[in-house]
Every structure is written in C-alpha cells, then in structure tokens.
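Have a look at entry.cif; it's mmCIF, C-alpha atoms:
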data_run
#
loop_
_atom_site.label_atom_id
_atom_site.label_comp_id
_atom_site.auth_asym_id
_atom_site.auth_seq_id
_atom_site.Cartn_x
_atom_site.Cartn_y
_atom_site.Cartn_z
CA MET Q 1 7.67 1.22 13.33
CA ILE Q 2 5.24 -1.42 12.11
CA THR Q 3 4.25 -1.13 8.44
CA ILE Q 4 0.85 -2.35 7.36
CA LEU Q 5 -0.33 -2.91 3.81
CA CYS Q 6 -4.04 -2.23 3.31
CA VAL Q 7 -5.39 -3.92 0.17
CA GLU Q 8 -8.94 -2.69 -0.47
CA ASP Q 9 -10.67 -1.82 -3.73
CA GLU Q 10 -13.16 0.62 -2.20
CA MET Q 11 -11.25 3.90 -1.92
CA ASP Q 12 -13.40 5.33 0.90
CA VAL Q 13 -12.94 2.20 3.01
CA ARG Q 14 -9.22 2.03 2.25
CA GLU Q 15 -8.72 5.66 3.24
CA LEU Q 16 -10.75 5.22 6.43
CA ILE Q 17 -8.64 2.22 7.46
CA THR Q 18 -5.44 4.09 6.59
CA GLU Q 19 -6.47 7.12 8.62
CA GLU Q 20 -7.32 5.03 11.68
CA LEU Q 21 -4.04 3.10 11.51
CA GLU Q 22 -1.94 6.21 10.92
CA ASP Q 23 -3.66 7.94 13.84
CA ALA Q 24 -2.45 4.98 15.95
CA GLY Q 25 1.12 5.69 14.85
CA LEU Q 26 1.45 2.97 12.22
CA ARG Q 27 2.92 3.33 8.75
CA VAL Q 28 0.41 2.31 6.07
CA LEU Q 29 0.86 1.38 2.42
CA GLN Q 30 -2.21 1.21 0.18
CA ALA Q 31 -3.20 -0.96 -2.76
CA SER Q 32 -6.50 -1.11 -4.63
CA ASN Q 33 -6.29 -4.80 -5.58
CA GLY Q 34 -4.23 -7.93 -4.97
CA LYS Q 35 -1.96 -7.34 -7.97
CA GLU Q 36 -0.91 -3.95 -6.63
CA GLY Q 37 -0.68 -5.46 -3.16
CA LEU Q 38 1.72 -8.14 -4.36
CA GLU Q 39 3.95 -5.52 -5.99
CA LEU Q 40 4.06 -3.53 -2.74
CA ILE Q 41 4.79 -6.63 -0.67
CA LEU Q 42 7.71 -7.54 -2.91
CA ARG Q 43 9.04 -3.98 -2.92
CA HIS Q 44 8.46 -2.92 0.72
CA ARG Q 45 8.02 -6.11 2.75
CA PRO Q 46 5.30 -4.81 5.12
CA ASP Q 47 4.95 -6.37 8.56
CA ILE Q 48 1.20 -7.08 8.32
CA VAL Q 49 -1.28 -7.30 5.42
CA ILE Q 50 -4.95 -6.40 5.78
CA SER Q 51 -6.81 -7.43 2.66
CA ASP Q 52 -10.33 -7.43 1.33
CA ILE Q 53 -11.28 -10.69 -0.37
CA THR Q 54 -13.49 -9.61 -3.27
CA MET Q 55 -11.50 -7.29 -5.57
CA PRO Q 56 -10.81 -6.93 -9.30
CA GLU Q 57 -7.66 -8.23 -11.05
CA MET Q 58 -6.44 -10.35 -8.11
CA ASP Q 59 -8.64 -10.95 -5.09
CA GLY Q 60 -7.42 -11.35 -1.52
CA ALA Q 61 -7.54 -15.15 -1.56
CA GLU Q 62 -5.50 -15.21 -4.77
CA LEU Q 63 -2.99 -12.80 -3.22
CA LEU Q 64 -2.56 -15.00 -0.16
CA ALA Q 65 -2.21 -18.12 -2.33
CA GLU Q 66 0.32 -16.40 -4.59
CA LEU Q 67 2.44 -15.49 -1.58
CA GLN Q 68 2.30 -18.98 -0.11
CA ILE Q 69 3.06 -20.78 -3.37
CA ASN Q 70 5.54 -18.51 -5.13
CA TYR Q 71 7.04 -16.38 -2.36
CA PRO Q 72 7.68 -18.64 0.65
CA GLN Q 73 9.87 -15.94 2.23
CA PHE Q 74 6.59 -14.16 3.02
CA SER Q 75 4.82 -17.21 4.46
CA ASN Q 76 5.12 -15.91 8.04
CA MET Q 77 3.79 -12.45 7.21
CA PRO Q 78 0.59 -11.94 9.23
CA PHE Q 79 -2.41 -11.70 6.92
CA ILE Q 80 -5.86 -10.45 7.98
CA PHE Q 81 -8.89 -10.76 5.73
CA LEU Q 82 -11.29 -7.85 6.13
CA THR Q 83 -14.42 -8.47 4.11
CA ALA Q 84 -18.15 -8.13 3.73
CA LEU Q 85 -18.38 -11.93 3.24
CA ALA Q 86 -19.76 -12.66 6.69
CA ASP Q 87 -21.03 -16.20 6.36
CA ARG Q 88 -19.34 -18.90 8.43
CA GLU Q 89 -18.17 -20.99 5.46
CA LYS Q 90 -16.37 -18.01 3.89
CA MET Q 91 -14.66 -17.32 7.22
CA LEU Q 92 -13.55 -20.95 7.55
CA GLU Q 93 -12.35 -20.94 3.94
CA GLY Q 94 -10.24 -17.85 4.62
CA MET Q 95 -8.73 -19.33 7.76
CA ARG Q 96 -7.99 -22.64 6.01
CA ALA Q 97 -6.27 -20.69 3.24
CA GLY Q 98 -3.75 -19.45 5.79
CA ALA Q 99 -5.12 -16.11 6.97
CA ASP Q 100 -4.14 -15.26 10.53
CA ASN Q 101 -7.47 -13.61 11.13
CA TYR Q 102 -10.78 -12.82 9.47
CA MET Q 103 -12.87 -9.73 10.19
CA THR Q 104 -16.15 -8.67 8.68
CA LYS Q 105 -17.36 -5.23 7.69
CA PRO Q 106 -18.49 -2.87 9.08
CA ILE Q 107 -15.09 -2.53 10.71
CA ASP Q 108 -14.81 -2.51 14.48
CA PHE Q 109 -11.62 -0.48 14.76
CA ASP Q 110 -11.09 -1.40 18.42
CA VAL Q 111 -11.03 -5.08 17.47
CA LEU Q 112 -8.83 -4.43 14.43
CA MET Q 113 -6.34 -2.47 16.55
CA ALA Q 114 -6.28 -5.21 19.20
CA LYS Q 115 -5.49 -7.80 16.52
CA ILE Q 116 -2.77 -5.61 15.03
CA GLN Q 117 -1.25 -4.96 18.47
CA GLY Q 118 -1.14 -8.70 19.14
CA LEU Q 119 0.52 -9.39 15.80
CA ALA Q 120 2.96 -6.50 16.31
CA LEU Q 121 3.97 -7.96 19.68
CA ARG Q 122 4.68 -11.32 18.00
CA ILE Q 123 6.77 -9.59 15.36
CA GLU Q 124 8.74 -7.59 17.92
CA ASN Q 125 9.38 -10.69 20.05
CA ARG Q 126 10.70 -12.64 17.05
CA VAL Q 127 12.92 -9.75 15.99
CA ALA Q 128 14.25 -9.36 19.55
CA ALA Q 129 15.05 -13.09 19.61
CA GLY Q 130 16.96 -12.74 16.34
CA LEU Q 131 14.44 -14.73 14.35
CA GLU Q 132 13.28 -13.68 10.89
CA PHE Q 133 9.59 -13.00 10.66
#
Have the structure of the file written as structure tokens, please.
Amino acid sequence: MITILCVEDEMDVRELITEELEDAGLRVLQASNGKEGLELILRHRPDIVISDITMPEMDGAELLAELQINYPQFSNMPFIFLTALADREKMLEGMRAGADNYMTKPIDFDVLMAKIQGLALRIENRVAAGLEF
C-alpha cells in the first residue's frame, strides 16, 4: 500500500486531503509543518509527500531543500507542492527546487489522484525491477 505524507498547516485542508486519499485506499500520515514532516519522513519513509509551501517553523521549500541537502537517500521521493501561491514564478521556483509537481488550491481532487496514481505506478515499477526508490 502506498503511504503519503500530507504536510499542511491548515487543519481543515489537511483533514480534507487525508479523507480523500484514505477513501481512495491510500495510507496517509499528517504533519502540520515542515519540521514535523521531516520527522515523519525520517521515521516512516513515506512513498510520496504532498506539501504546502507557506507554513510556520519550516515551510515546504525548506523541507524539500533539507531533504535534498542533508538526506540524499530521500532524493527520489516524489514531492508535490500544493499551495495557494498560484503565480507562474512561484510555480517555476517550486519546480526548479526539485518538486515533481505543483498544484494550486482550491484542490482538484481528480487531478491530484491522477498525479498520485502516476507516481505510484513509477514506484511500483521500480520496486518490481528491484530498484530502490
């Protein structure tokens, strides 16, 4: 079963995302900021991270940078930014930082699920081929 970490500081949004993903049969871990998210990544090694960008303590961009710089074993972990920052430059900045995808709020759950399904297929194919993801 695919495990997804949802890092979102707005509790209502985080719970809505979690409910949608769990209804689709996915296991979901939750964190309210990047610092908590990092702890969960190190402890549970989720398959995919969905993260807001603007959060207290450690934002999503800082979380992604921390993983890439200090935890290279997680450099292949798919990372999706989900944010209210909808301008083109912010999207390009997120993609240049290494995010696999960038979605804006309000959340289109059909699009989010399609992206997760595509990433899950990549993960399953790598595992089946004996490659670490």
When you look at region 27-33 of chain Q with a cut-off of 8 Å (counting only C-alpha atoms), what residues show up, excluding the ones that are within fewer than 3 positions of it in the same chain? I need them as a ChimeraX atom specification. /Q:1-11,14,18,21-22,36-37,40,55-60
Selection: 8 Å around region 84-95 of chain Q, all atoms listed in the file, excl. self and same-chain fewer than 5 positions, as a ChimeraX atom specification = /Q:61,100-102,104-106
Give the padded box for region 26-42 of chain Q as AutoDock Vina command-line options: axis-aligned, covering all atoms listed in the file, 6 Å on each side, centre and edge lengths in Å to one decimal.
--center_x 0.6 --center_y -2.4 --center_z 2.1 --size_x 26.2 --size_y 23.5 --size_z 32.2
Counting all atoms listed in the file, what is within 12 Å of Asn70 (chain Q), bar same-chain residues fewer than 6 positions away, as a list in words?
Leu38, Leu42, Glu62, Leu63 and Leu64 of chain Q
**Nearest candidate to Asp52 (chain Q) (options Q:Gly34, Q:Ala24, Q:Leu67, Q:Thr83; using only C-alpha atoms)** =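 Answer, going by the shortest atom-to-atom distance: Q:Thr83.
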Residue neighbourhood Lys115 (chain Q), 12 Å, all atoms listed in the file, exclusion window fewer than 6 positions, as a ChimeraX atom specification
/Q:48-50,78-82,100-103,108-109,121-122
Would you put the residues from that selection into a file with C-alpha atoms, as an mmCIF file, in the coordinates of the input?
data_model
loop_
_atom_site.group_PDB
_atom_site.id
_atom_site.type_symbol
_atom_site.label_atom_id
_atom_site.label_comp_id
_atom_site.auth_asym_id
_atom_site.auth_seq_id
_atom_site.Cartn_x
_atom_site.Cartn_y
_atom_site.Cartn_z
ATOM 1 C CA ILE Q 48 1.200 -7.080 8.320
ATOM 2 C CA VAL Q 49 -1.280 -7.300 5.420
ATOM 3 C CA ILE Q 50 -4.950 -6.400 5.780
ATOM 4 C CA PRO Q 78 0.590 -11.940 9.230
ATOM 5 C CA PHE Q 79 -2.410 -11.700 6.920
ATOM 6 C CA ILE Q 80 -5.860 -10.450 7.980
ATOM 7 C CA PHE Q 81 -8.890 -10.760 5.730
ATOM 8 C CA LEU Q 82 -11.290 -7.850 6.130
ATOM 9 C CA ASP Q 100 -4.140 -15.260 10.530
ATOM 10 C CA ASN Q 101 -7.470 -13.610 11.130
ATOM 11 C CA TYR Q 102 -10.780 -12.820 9.470
ATOM 12 C CA MET Q 103 -12.870 -9.730 10.190
ATOM 13 C CA ASP Q 108 -14.810 -2.510 14.480
ATOM 14 C CA PHE Q 109 -11.620 -0.480 14.760
ATOM 15 C CA LEU Q 121 3.970 -7.960 19.680
ATOM 16 C CA ARG Q 122 4.680 -11.320 18.000
#
task: Figure out the distance between CA of Arg96 (chain Q) and CA of Arg43 (chain Q), please, to one decimal in Å.
output: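 Separation between CA of Arg43 (chain Q) and CA of Arg96 (chain Q): 26.8 Å.
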| message | So, with only C-alpha atoms as the atoms that count, which of Q:Ala128, Q:Ile41, Q:Ile53, Q:Ile107 lies closest to Ser75 (chain Q)? | response |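 That would be Q:Ile41, the residue with the smallest distance to Ser75 (chain Q).
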